[in-house]
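Below is the file entry-v4.csv, which contains CSV, C-alpha atoms and all ligand atoms.
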chain,number,residue,atom,x,y,z
A,1,MET,CA,0.0,0.0,0.0
A,2,ILE,CA,1.6,3.3,-1.2
A,3,LEU,CA,0.6,6.4,0.7
A,4,VAL,CA,3.6,8.6,0.1
A,5,PRO,CA,3.0,12.2,-1.1
A,6,GLY,CA,3.4,11.2,-4.7
A,7,PRO,CA,4.0,9.4,-6.9
A,8,VAL,CA,0.9,7.2,-6.6
A,9,GLU,CA,-0.1,3.7,-7.5
A,10,LEU,CA,-1.7,3.7,-11.0
A,11,HIS,CA,-5.2,2.7,-11.7
A,12,PRO,CA,-5.4,-0.4,-13.9
A,13,ARG,CA,-6.9,1.7,-16.8
A,14,VAL,CA,-3.9,4.1,-16.6
A,15,LEU,CA,-1.5,1.1,-16.6
A,16,LYS,CA,-3.1,-0.3,-19.7
A,17,ALA,CA,-3.1,3.1,-21.4
A,18,ILE,CA,0.7,3.5,-21.1
A,19,SER,CA,1.3,0.2,-22.8
A,20,GLU,CA,-0.1,1.5,-26.1
A,21,GLN,CA,2.3,1.5,-29.1
A,22,VAL,CA,4.4,4.7,-29.6
A,23,ILE,CA,3.2,7.2,-32.2
A,24,SER,CA,5.1,10.0,-34.0
A,25,HIS,CA,4.8,13.3,-32.3
A,26,ARG,CA,4.3,14.9,-35.7
A,27,SER,CA,1.2,12.9,-36.5
A,28,GLU,CA,-2.5,13.8,-36.5
A,29,LYS,CA,-3.1,11.1,-33.8
A,30,PHE,CA,-0.6,12.8,-31.6
A,31,SER,CA,-2.2,16.2,-32.1
A,32,GLU,CA,-5.6,14.8,-31.0
A,33,LEU,CA,-4.0,13.2,-27.9
A,34,LEU,CA,-2.2,16.5,-27.0
A,35,MET,CA,-5.4,18.6,-27.4
A,36,GLU,CA,-7.4,16.2,-25.4
A,37,ILE,CA,-4.9,16.5,-22.5
A,38,VAL,CA,-4.8,20.3,-22.8
A,39,ASN,CA,-8.6,20.6,-22.7
A,40,ASP,CA,-8.9,18.3,-19.7
A,41,LEU,CA,-6.1,20.1,-17.8
A,42,SER,CA,-7.8,23.5,-18.5
A,43,TRP,CA,-10.9,22.1,-17.1
A,44,ALA,CA,-9.2,20.6,-14.0
A,45,ILE,CA,-7.4,23.9,-13.2
A,46,GLY,CA,-10.5,26.1,-13.7
A,47,ALA,CA,-8.9,28.1,-16.5
A,48,GLU,CA,-10.7,30.5,-18.8
A,49,SER,CA,-10.9,29.5,-22.4
A,50,GLU,CA,-8.1,32.0,-23.4
A,51,ALA,CA,-5.7,30.4,-20.9
A,52,LYS,CA,-3.0,28.1,-22.5
A,53,ILE,CA,-1.5,25.0,-21.2
A,54,ALA,CA,2.2,24.2,-22.0
A,55,LEU,CA,2.7,20.5,-21.6
A,56,LEU,CA,6.3,19.5,-20.7
A,57,THR,CA,8.2,16.3,-20.5
A,58,GLY,CA,9.9,16.4,-17.1
A,59,SER,CA,8.9,16.4,-13.4
A,60,GLY,CA,7.2,19.2,-11.4
A,61,THR,CA,10.5,21.0,-11.0
A,62,LEU,CA,10.6,21.6,-14.7
A,63,ALA,CA,7.2,23.2,-14.7
A,64,VAL,CA,8.1,25.4,-11.7
A,65,GLU,CA,11.4,26.5,-13.3
A,66,SER,CA,9.8,27.0,-16.8
A,67,MET,CA,7.2,29.3,-15.1
A,68,VAL,CA,9.9,31.3,-13.4
A,69,TYR,CA,12.3,31.6,-16.4
A,70,SER,CA,9.5,32.3,-18.9
A,71,LEU,CA,7.6,34.9,-16.9
A,72,VAL,CA,10.3,36.6,-14.7
A,73,ASN,CA,13.0,38.8,-16.2
A,74,PRO,CA,16.3,39.3,-14.3
A,75,GLY,CA,15.9,42.3,-12.1
A,76,ASP,CA,12.1,41.9,-11.7
A,77,SER,CA,10.8,42.4,-8.2
A,78,VAL,CA,9.2,39.3,-6.7
A,79,LEU,CA,7.7,38.7,-3.3
A,80,ALA,CA,8.2,35.0,-2.4
A,81,LEU,CA,6.3,33.2,0.3
A,82,GLU,CA,8.4,30.5,1.9
A,83,PHE,CA,7.0,28.0,4.4
A,84,GLY,CA,8.9,24.8,3.7
A,85,GLU,CA,11.3,23.0,1.4
A,86,PHE,CA,9.4,23.5,-1.9
A,87,GLY,CA,8.9,27.2,-1.1
A,88,LYS,CA,12.7,27.4,-0.6
A,89,ARG,CA,13.3,25.8,-4.0
A,90,LEU,CA,10.9,28.2,-5.6
A,91,ARG,CA,12.7,31.1,-4.0
A,92,GLU,CA,16.1,29.7,-5.1
A,93,SER,CA,14.9,29.3,-8.6
A,94,LEU,CA,13.7,33.0,-8.7
A,95,GLU,CA,17.1,34.0,-7.3
A,96,SER,CA,19.0,32.0,-9.9
A,97,ARG,CA,16.9,33.7,-12.6
A,98,GLY,CA,18.3,37.0,-11.3
A,99,ALA,CA,15.0,38.3,-9.9
A,100,ASN,CA,15.1,40.8,-7.0
A,101,VAL,CA,13.5,38.6,-4.4
A,102,PHE,CA,12.0,39.6,-1.1
A,103,THR,CA,11.0,36.6,1.0
A,104,ILE,CA,8.4,36.3,3.8
A,105,LYS,CA,9.1,33.1,5.7
A,106,ALA,CA,6.9,31.2,8.1
A,107,PRO,CA,8.0,28.3,10.4
A,108,PRO,CA,6.9,24.7,9.8
A,109,GLY,CA,3.2,24.3,10.0
A,110,ARG,CA,2.3,27.9,9.4
A,111,THR,CA,2.0,30.2,6.4
A,112,PRO,CA,2.8,33.9,6.1
A,113,GLU,CA,0.2,36.2,7.7
A,114,ALA,CA,-2.0,38.2,5.3
A,115,GLY,CA,-1.3,41.4,7.1
A,116,GLU,CA,2.5,41.0,6.7
A,117,ILE,CA,2.1,40.2,3.0
A,118,GLU,CA,0.0,43.3,2.5
A,119,THR,CA,2.5,45.6,4.4
A,120,ILE,CA,5.5,44.2,2.4
A,121,ALA,CA,3.7,44.3,-0.9
A,122,LYS,CA,2.7,47.9,-0.3
A,123,LYS,CA,6.3,48.8,0.3
A,124,ILE,CA,8.1,46.9,-2.4
A,125,LYS,CA,5.4,46.9,-5.1
A,126,PRO,CA,6.4,43.5,-6.6
A,127,LYS,CA,5.7,42.5,-10.1
A,128,TYR,CA,4.9,39.0,-8.9
A,129,ILE,CA,3.9,37.2,-5.8
A,130,ALA,CA,5.2,33.6,-5.9
A,131,THR,CA,4.0,30.8,-3.6
A,132,VAL,CA,3.5,27.1,-3.2
A,133,HIS,CA,-0.1,26.1,-2.6
A,134,VAL,CA,0.3,22.9,-0.6
A,135,GLU,CA,3.8,22.6,1.0
A,136,THR,CA,4.5,18.9,0.7
A,137,SER,CA,7.3,19.1,3.2
A,138,THR,CA,5.0,20.1,6.1
A,139,GLY,CA,1.4,19.3,5.0
A,140,THR,CA,0.6,23.0,5.2
A,141,MET,CA,-1.6,24.9,2.8
A,142,ILE,CA,-2.1,28.5,1.9
A,143,ASN,CA,-5.8,28.7,2.7
A,144,ASN,CA,-6.5,32.2,1.4
A,145,LEU,CA,-5.2,32.1,-2.1
A,146,LYS,CA,-8.2,34.0,-3.4
A,147,ASP,CA,-7.4,36.9,-0.9
A,148,ILE,CA,-3.7,36.9,-1.8
A,149,SER,CA,-4.5,37.1,-5.4
A,150,LYS,CA,-6.9,40.0,-4.8
A,151,LEU,CA,-4.2,41.7,-2.8
A,152,ALA,CA,-1.7,41.1,-5.6
A,153,GLU,CA,-4.1,42.8,-8.1
A,154,GLU,CA,-4.4,45.8,-5.8
A,155,PHE,CA,-0.7,46.4,-6.1
A,156,GLY,CA,-0.5,45.5,-9.8
A,157,ALA,CA,1.3,42.2,-9.1
A,158,LYS,CA,0.6,38.8,-10.6
A,159,LEU,CA,0.3,35.5,-8.7
A,160,LEU,CA,2.6,32.6,-9.7
A,161,LEU,CA,1.6,29.3,-8.1
A,162,ASP,CA,3.3,25.9,-7.5
A,163,ALA,CA,0.3,23.6,-7.4
A,164,VAL,CA,2.4,20.4,-7.7
A,165,SER,CA,0.8,18.8,-4.6
A,166,SER,CA,-2.6,20.4,-4.7
A,167,LEU,CA,-4.0,20.1,-8.3
A,168,GLY,CA,-6.9,17.7,-8.3
A,169,LEU,CA,-6.9,17.4,-4.5
A,170,GLU,CA,-7.6,20.9,-3.1
A,171,GLU,CA,-10.0,23.5,-4.2
A,172,LEU,CA,-8.4,25.6,-7.0
A,173,TYR,CA,-9.9,28.0,-9.6
A,174,MET,CA,-7.4,29.6,-11.8
A,175,ASN,CA,-9.8,32.0,-13.5
A,176,LYS,CA,-12.1,32.8,-10.6
A,177,TRP,CA,-9.1,33.5,-8.3
A,178,SER,CA,-7.2,35.4,-10.9
A,179,ILE,CA,-4.0,33.3,-10.8
A,180,ASN,CA,-1.6,34.4,-13.5
A,181,ALA,CA,0.3,31.1,-13.9
A,182,ILE,CA,0.1,27.6,-12.3
A,183,ALA,CA,2.8,24.9,-12.4
A,184,SER,CA,1.8,21.3,-11.7
A,185,CYS,CA,2.6,17.7,-12.7
A,186,SER,CA,1.2,14.3,-13.5
A,187,GLN,CA,2.2,12.0,-10.6
A,188,LYS,CA,0.2,13.3,-7.6
A,189,GLY,CA,-3.4,14.5,-7.6
A,190,LEU,CA,-3.9,13.5,-11.2
A,191,GLY,CA,-3.0,9.9,-10.6
A,192,ALA,CA,-0.8,9.5,-13.7
A,193,PRO,CA,2.8,8.2,-14.0
A,194,PRO,CA,5.6,10.6,-13.1
A,195,GLY,CA,7.4,12.3,-16.0
A,196,LEU,CA,5.0,14.9,-17.3
A,197,SER,CA,4.3,18.4,-16.0
A,198,PHE,CA,2.7,21.6,-17.3
A,199,VAL,CA,2.3,25.3,-16.8
A,200,ALA,CA,-1.1,26.9,-17.2
A,201,LEU,CA,-0.9,30.5,-18.3
A,202,SER,CA,-3.6,33.2,-18.2
A,203,GLU,CA,-4.3,35.2,-21.3
A,204,GLU,CA,-2.2,38.0,-19.9
A,205,ALA,CA,0.7,35.6,-19.0
A,206,VAL,CA,0.6,34.2,-22.5
A,207,LYS,CA,1.7,37.6,-23.8
A,208,ARG,CA,4.5,38.0,-21.1
A,209,VAL,CA,6.2,34.6,-21.8
A,210,CYS,CA,7.3,35.9,-25.2
A,211,GLU,CA,8.7,39.1,-23.6
A,212,THR,CA,11.3,37.5,-21.3
A,213,THR,CA,14.8,37.0,-22.6
A,214,GLY,CA,17.7,34.7,-22.1
A,215,LYS,CA,15.8,31.5,-21.1
A,216,PRO,CA,17.1,28.0,-22.0
A,217,SER,CA,15.2,26.4,-24.9
A,218,TYR,CA,13.7,23.6,-22.8
A,219,LEU,CA,12.2,26.1,-20.3
A,220,ASP,CA,10.9,28.4,-23.0
A,221,LEU,CA,7.1,28.5,-22.7
A,222,CYS,CA,6.9,31.0,-25.6
A,223,LYS,CA,8.4,28.3,-27.9
A,224,ASN,CA,6.1,25.7,-26.4
A,225,LEU,CA,3.0,27.8,-27.1
A,226,LYS,CA,4.0,28.5,-30.7
A,227,PHE,CA,4.1,24.7,-31.2
A,228,LEU,CA,0.8,24.3,-29.4
A,229,GLU,CA,-0.8,26.5,-32.1
A,230,LYS,CA,0.2,23.8,-34.6
A,231,ARG,CA,-1.1,21.2,-32.0
A,232,GLU,CA,2.5,19.9,-31.4
A,233,THR,CA,5.2,20.1,-28.8
A,234,PRO,CA,8.7,21.6,-29.6
A,235,PHE,CA,10.6,18.5,-28.5
A,236,THR,CA,10.1,14.7,-28.4
A,237,PRO,CA,7.5,14.2,-25.7
A,238,ALA,CA,7.0,11.1,-23.5
A,239,VAL,CA,4.1,9.9,-25.6
A,240,ASN,CA,3.3,6.8,-23.5
A,241,LEU,CA,3.1,8.9,-20.4
A,242,MET,CA,0.7,11.2,-22.3
A,243,TYR,CA,-1.6,8.2,-22.9
A,244,GLY,CA,-1.5,7.5,-19.2
A,245,LEU,CA,-2.3,11.1,-18.3
A,246,ALA,CA,-5.2,11.3,-20.8
A,247,GLU,CA,-6.7,8.2,-19.1
A,248,ALA,CA,-6.1,9.5,-15.6
A,249,LEU,CA,-7.9,12.8,-16.6
A,250,LYS,CA,-10.8,10.7,-17.9
A,251,LEU,CA,-11.0,9.1,-14.5
A,252,LEU,CA,-11.0,12.5,-12.9
A,253,ARG,CA,-13.8,13.7,-15.1
A,254,GLU,CA,-15.8,10.5,-14.2
A,255,GLU,CA,-15.3,11.1,-10.5
A,256,GLY,CA,-15.8,14.9,-10.8
A,257,ILE,CA,-13.2,17.3,-9.6
A,258,GLU,CA,-15.3,18.7,-6.7
A,259,GLU,CA,-16.1,15.1,-5.6
A,260,ARG,CA,-12.3,14.3,-5.6
A,261,TRP,CA,-11.7,17.5,-3.5
A,262,ARG,CA,-14.4,16.3,-1.1
A,263,ARG,CA,-13.0,12.7,-0.9
A,264,THR,CA,-9.5,14.1,-0.2
A,265,LYS,CA,-10.9,16.3,2.6
A,266,ARG,CA,-13.0,13.6,4.1
A,267,LEU,CA,-10.1,11.0,4.2
A,268,SER,CA,-7.6,13.5,5.5
A,269,GLU,CA,-10.0,14.5,8.3
A,270,LEU,CA,-10.5,10.9,9.1
A,271,LEU,CA,-6.8,10.4,9.3
A,272,TYR,CA,-6.2,13.5,11.5
A,273,ASN,CA,-8.9,12.4,13.9
A,274,MET,CA,-8.0,8.7,14.1
A,275,THR,CA,-4.3,9.4,14.6
A,276,GLU,CA,-5.0,12.1,17.3
A,277,ASP,CA,-6.7,9.3,19.3
A,278,ILE,CA,-3.5,7.3,19.3
A,279,GLY,CA,-1.2,10.1,20.3
A,280,PHE,CA,-0.1,11.7,17.0
A,281,SER,CA,-0.6,15.4,16.5
A,282,PRO,CA,-0.8,17.4,13.2
A,283,LEU,CA,2.2,19.6,12.4
A,284,ALA,CA,0.1,22.3,10.7
A,285,GLU,CA,-2.2,24.6,12.6
A,286,GLU,CA,-5.8,23.7,12.1
A,287,THR,CA,-6.6,26.7,9.8
A,288,ASN,CA,-4.0,25.7,7.3
A,289,ARG,CA,-3.8,22.0,7.4
A,290,ALA,CA,-3.6,20.5,3.9
A,291,HIS,CA,-5.8,17.6,2.8
A,292,ALA,CA,-3.6,16.3,0.1
A,293,VAL,CA,-0.6,15.8,2.5
A,294,VAL,CA,-1.0,15.0,6.1
A,295,ALA,CA,2.0,15.7,8.3
A,296,LEU,CA,2.0,14.2,11.8
A,297,VAL,CA,4.3,14.5,14.8
A,298,PRO,CA,4.6,11.1,16.6
A,299,PRO,CA,3.9,10.7,20.3
A,300,ASN,CA,6.8,11.5,22.6
A,301,GLY,CA,9.8,9.3,22.3
A,302,PHE,CA,9.0,7.8,18.9
A,303,SER,CA,11.2,8.5,15.9
A,304,ALA,CA,9.4,9.1,12.6
A,305,THR,CA,12.1,7.2,10.7
A,306,GLU,CA,11.6,4.2,12.9
A,307,ILE,CA,7.8,4.3,12.4
A,308,VAL,CA,8.3,4.5,8.6
A,309,LYS,CA,10.6,1.5,8.7
A,310,ALA,CA,8.3,-0.5,10.8
A,311,LEU,CA,5.4,0.2,8.4
A,312,ARG,CA,7.5,-0.8,5.5
A,313,LYS,CA,7.9,-4.2,7.0
A,314,LYS,CA,4.1,-4.5,6.7
A,315,GLU,CA,4.3,-3.2,3.1
A,316,ILE,CA,2.8,0.1,3.9
A,317,TYR,CA,4.8,3.0,2.5
A,318,ILE,CA,4.6,6.5,3.9
A,319,ALA,CA,7.3,9.2,4.1
A,320,SER,CA,9.2,10.7,6.9
A,321,GLY,CA,10.1,14.5,7.1
A,322,MET,CA,12.5,16.4,4.8
A,323,GLY,CA,15.6,18.2,6.0
A,324,ASP,CA,15.5,19.2,9.7
A,325,LEU,CA,12.1,17.5,10.1
A,326,LYS,CA,13.4,14.1,8.9
A,327,ASP,CA,13.0,12.3,12.2
A,328,ARG,CA,10.3,14.6,13.6
A,329,ILE,CA,7.3,14.0,11.3
A,330,LEU,CA,5.5,11.5,9.2
A,331,ARG,CA,4.0,12.5,5.8
A,332,ILE,CA,1.1,10.7,4.3
A,333,GLY,CA,-0.2,11.5,0.8
A,334,ILE,CA,-4.0,11.4,0.3
A,335,MET,CA,-3.5,10.9,-3.4
A,336,GLY,CA,-4.5,8.4,-6.0
A,337,TYR,CA,-7.3,5.9,-5.4
A,338,VAL,CA,-7.3,6.0,-1.6
A,339,ASN,CA,-10.4,5.1,0.4
A,340,GLU,CA,-11.5,4.7,4.0
A,341,SER,CA,-10.1,1.1,4.3
A,342,HIS,CA,-6.5,2.4,3.4
A,343,ILE,CA,-6.7,4.9,6.2
A,344,GLU,CA,-8.1,2.4,8.7
A,345,LYS,CA,-5.4,-0.2,7.8
A,346,LEU,CA,-2.7,2.4,8.2
A,347,VAL,CA,-3.9,3.7,11.6
A,348,LYS,CA,-4.3,0.2,12.9
A,349,GLU,CA,-0.6,-0.5,12.2
A,350,MET,CA,0.5,2.9,13.5
A,351,ALA,CA,-1.4,2.1,16.7
A,352,GLU,CA,0.3,-1.2,17.1
A,353,ILE,CA,3.8,0.4,16.6
A,354,VAL,CA,3.3,3.0,19.3
A,355,GLY,CA,1.6,0.4,21.6
A,356,ARG,CA,-1.8,2.2,21.7
A,357,LYS,CA,-5.2,0.5,21.8
A,358,LYS,CA,-6.3,-0.3,18.3
A,359,ILE,CA,-9.1,1.6,16.8
A,360,GLU,CA,-12.2,-0.6,16.3
B,1,LIG,C1,5.1,21.5,-3.8
B,1,LIG,C2,6.1,20.8,-4.7
B,1,LIG,N1,6.7,21.5,-5.6
B,1,LIG,C3,7.6,21.0,-6.4
B,1,LIG,C4,8.0,19.6,-6.4
B,1,LIG,C5,9.0,19.0,-7.3
B,1,LIG,O1,8.3,18.1,-8.1
B,1,LIG,P1,9.1,16.9,-8.8
B,1,LIG,O2,9.7,16.1,-7.7
B,1,LIG,O3,8.1,16.3,-9.6
B,1,LIG,O4,10.2,17.6,-9.6
B,1,LIG,C6,7.3,18.8,-5.4
B,1,LIG,C7,7.7,17.4,-5.3
B,1,LIG,O5,7.2,16.7,-4.4
B,1,LIG,C8,6.4,19.5,-4.5
B,1,LIG,O6,5.7,18.7,-3.6

Translate this structure into structure tokens?
Ligand SMILES: Cc1ncc(COP(=O)(O)O)c(C=O)c1O
Amino acid sequence: MILVPGPVELHPRVLKAISEQVISHRSEKFSELLMEIVNDLSWAIGAESEAKIALLTGSGTLAVESMVYSLVNPGDSVLALEFGEFGKRLRESLESRGANVFTIKAPPGRTPEAGEIETIAKKIKPKYIATVHVETSTGTMINNLKDISKLAEEFGAKLLLDAVSSLGLEELYMNKWSINAIASCSQKGLGAPPGLSFVALSEEAVKRVCETTGKPSYLDLCKNLKFLEKRETPFTPAVNLMYGLAEALKLLREEGIEERWRRTKRLSELLYNMTEDIGFSPLAEETNRAHAVVALVPPNGFSATEIVKALRKKEIYIASGMGDLKDRILRIGIMGYVNESHIEKLVKEMAEIVGRKKIE
């Protein structure tokens, strides 16, 4: 049983889809596959019809860095919100692009305060505000994206979002919430194999990607969108992974995106409640706990790494913390085709490891 925060176990229909024969990426059949994926991703992300999706062959980091290098010019002022490892990587990527980055940090389990964001944004008047939606390293989520985006608009800034761990799992509306660009990938909430990622660009961002200079070809979203007009990708894409992604998106349409958000919320709440009963406590504050990734502090005296190892012996795979949190927290992904019985089985084993009464 795999309950790590991505990648996820594949649905049998997705597994079957990736075993299709390879096709040329300069064929009509390929164009149809590409456009089907682009349309389904636009729907999943809540994009307006003018928004464009640049599909990329590479993991989520490629999407985040393509978004940064294609939209931000060296010297641009950017306000970065950093509340974990992936926020740190986003900030570092902005810095390596040569942006003038001002960072607001929050300790593990918390997110930057709206008041502080407003004060700083007023002062530095950033061109962009950049943030992670669900911070996978701490199970913490920005719960007021809509307000941050409104605030960004007030100061003439645009919102850049890393939705690698949230897409398909947490409420997200690109158009309604005026998000300028969103980077995400295949192997988490969408339930497809790892290896594909994408950047969704608003109508306004589409114009800007062709105005930035000095970006490497593979990160150049302007080039990608030019090929998209011809219903192609600029470079050889991972066609078989695209078959898998197309099927995973069909499954998402069948379940309904709002239903998947509800399922993720329901299962994460079940997990938070059941584990609290056996002595674990959530790392994140109640107001910004993520549903897609649950981060738990073990009862006193128990090492997270030892619990992960003990679960592995039972063929249950979850993750421990990252960096300084390595031994301090457990991270569980509510991603893929998880249901109540997975959560109950996991908690039963966790209870046994820490010697607490089993949950009936
Ligand atoms: C929030 C977030 N951003 C970026 C990444 C990087 O994605 P990848 O490992 O697919 O490159 C991850 C990976 O877990 C993530 O959780």

### Task
Please identify the residues whose atoms come within 6 Å of ligand LIG 1 (chain B), using only C-alpha atoms and all ligand atoms, and report them as a list in words.
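Using only C-alpha atoms and all ligand atoms, I find these residues within 6 Å of ligand LIG 1 (chain B): Ser59, Gly60, Thr61, Phe86, Val132, Val134, Glu135, Thr136, Asp162, Val164 and Ser165 of chain A.
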
### Query
What lies within 10 Å of A:Arg89 using only C-alpha atoms, ignoring chain neighbours under 3 positions off, as a VMD selection string?
chain A and resid 61 64 to 65 82 84 to 86 92 to 95 132

### Query
From the list A:Leu271, A:Met67, A:Leu283, A:Leu346, which residue is nearest A:Lys314 when using all atoms listed in the file?
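Answer, going by the shortest atom-to-atom distance: A:Leu346.
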
Taking a cut-off of 12 Å and counting all atoms listed in the file, can you build a table that, for each residue of stretch 253-328 of chain A near stretch 226-249 of chain A, reports the nearest atom pair and how far apart they are in Å (one decimal), sorted by chain then residue number, as JSON lines?
{"residue": "A:Arg253", "atom": "CA", "partner": "A:Leu249", "partner_atom": "CA", "distance": 6.2}
{"residue": "A:Glu254", "atom": "CA", "partner": "A:Leu249", "partner_atom": "CA", "distance": 8.6}
{"residue": "A:Glu255", "atom": "CA", "partner": "A:Leu249", "partner_atom": "CA", "distance": 9.7}
{"residue": "A:Gly256", "atom": "CA", "partner": "A:Leu249", "partner_atom": "CA", "distance": 10.0}
{"residue": "A:Ile257", "atom": "CA", "partner": "A:Leu249", "partner_atom": "CA", "distance": 9.9}
{"residue": "A:Arg260", "atom": "CA", "partner": "A:Leu249", "partner_atom": "CA", "distance": 11.9}

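When only C-alpha atoms are used to measure the gap to A:Val78, the shortest distance among A:Ile179, A:Leu201, A:Leu159, A:Ala63 belongs to A:Leu159.
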
### Query
What is the distance between atom CA of A:Val72 and atom CA of A:Leu151, in Å to one decimal?
19.4 Å

### Query
In Å to one decimal, how far is atom CA of A:Ile334 from atom CA of A:Ser268?
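Straight-line distance from atom CA of A:Ser268 to atom CA of A:Ile334 works out to 6.7 Å.
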
### Query
From the set A:Leu55, A:Tyr272, A:Leu296, A:Ala152, which residue has the shortest atom-to-atom contact distance to A:Glu344, counting all atoms listed in the file?
A:Tyr272

### Task
Fewer than 3 positions away in the same chain doesn't count, so skip those; otherwise give me all residues within 12 Å of A:Lys123, counting all atoms listed in the file, as JSON, numbers by chain.
{"A": [77, 79, 102, 116, 117, 118, 119, 120, 126, 155]}

### Message
Using only C-alpha atoms for the distances, tell me which of A:Ala284, A:Leu145, A:Val38, A:Ile353 is nearest to A:Ser303.
### Response
A:Ile353

### Message
Residues within 10 Å of A:Pro112, please, as a list in words. Count all atoms listed in the file; anything in the same chain fewer than 3 positions from it doesn't count.
### Response
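Non-adjacent residues within range: Leu81, Glu82, Phe83, Ile104, Lys105, Ala106, Pro107, Gly115, Glu116, Ile117 and Ile142 of chain A.
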
### Among the residues A:Ile2, A:Ala205, A:Leu167, A:Val354, the one that comes closest to A:Ile307 [using only C-alpha atoms]
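Closest candidate: A:Val354.
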
### Task
Around the point (11.4, 36.9, -13.9) in the file's coordinates, collect all residues with an atom within 9 Å, using only C-alpha atoms, and return them as a PyMOL selection string.
chain A and resi 67-78+94+97-100+127-128+212

### Message
So, with only C-alpha atoms as the atoms that count, which of A:Ala121, A:Ala80, A:Met174, A:Val4 lies closest to A:Lys146?
### Response
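For A:Lys146, the nearest of the candidates is A:Met174.
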
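Summary of the local environment: counting all atoms listed in the file, residues at most 10 Å from A:Gly139, other than itself and those fewer than 2 positions away along its chain, are Pro5, Gly84, Pro108, Gly109, Arg110, Val134, Glu135, Thr136, Ser137, Met141, Ser165, Pro282, Leu283, Ala284, Glu285, Asn288, Arg289, Ala290, His291, Ala292, Val293, Val294, Ala295, Leu296, Leu330, Arg331, Ile332 and Gly333 of chain A.
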
#### Entry: Residues near A:Leu10, cut-off 9 Å, all atoms listed in the file, skip fewer than 6 positions along chain, as a list in words
Gly191, Ala192, Pro193, Ala248, Gly336 and Tyr337 of chain A

Since the input has fewer atoms than a full residue there, write stretch 58-72 of chain A out with N, CA and C atoms, as a short mmCIF file (atom, residue, chain, number, x, y, z; two decimals), in the coordinates of the input.
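Once everything was written out, this is rebuild.cif:
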data_model
loop_
_atom_site.label_atom_id
_atom_site.label_comp_id
_atom_site.auth_asym_id
_atom_site.auth_seq_id
_atom_site.Cartn_x
_atom_site.Cartn_y
_atom_site.Cartn_z
N GLY A 58 9.01 16.15 -18.23
CA GLY A 58 9.90 16.40 -17.10
C GLY A 58 9.05 16.45 -15.85
N SER A 59 9.67 16.40 -14.68
CA SER A 59 8.90 16.40 -13.40
C SER A 59 8.41 17.79 -13.04
N GLY A 60 7.77 17.88 -11.89
CA GLY A 60 7.20 19.20 -11.40
C GLY A 60 8.20 20.30 -11.38
N THR A 61 9.44 19.99 -11.05
CA THR A 61 10.50 21.00 -11.00
C THR A 61 10.64 21.73 -12.32
N LEU A 62 10.53 20.97 -13.39
CA LEU A 62 10.60 21.60 -14.70
C LEU A 62 9.52 22.60 -14.94
N ALA A 63 8.31 22.25 -14.51
CA ALA A 63 7.20 23.20 -14.70
C ALA A 63 7.43 24.45 -13.86
N VAL A 64 7.88 24.28 -12.61
CA VAL A 64 8.10 25.40 -11.70
C VAL A 64 9.20 26.33 -12.36
N GLU A 65 10.28 25.72 -12.82
CA GLU A 65 11.40 26.50 -13.30
C GLU A 65 11.03 27.14 -14.70
N SER A 66 10.22 26.44 -15.50
CA SER A 66 9.80 27.00 -16.80
C SER A 66 8.92 28.24 -16.52
N MET A 67 8.05 28.14 -15.51
CA MET A 67 7.20 29.30 -15.10
C MET A 67 8.05 30.47 -14.73
N VAL A 68 9.04 30.19 -13.90
CA VAL A 68 9.90 31.30 -13.40
C VAL A 68 10.72 31.88 -14.57
N TYR A 69 11.40 31.04 -15.34
CA TYR A 69 12.30 31.60 -16.40
C TYR A 69 11.52 32.21 -17.54
N SER A 70 10.27 31.78 -17.76
CA SER A 70 9.50 32.30 -18.90
C SER A 70 8.75 33.58 -18.54
N LEU A 71 8.45 33.78 -17.25
CA LEU A 71 7.60 34.90 -16.90
C LEU A 71 8.45 36.04 -16.20
N VAL A 72 9.51 35.64 -15.51
CA VAL A 72 10.30 36.60 -14.70
C VAL A 72 11.53 37.00 -15.46
#
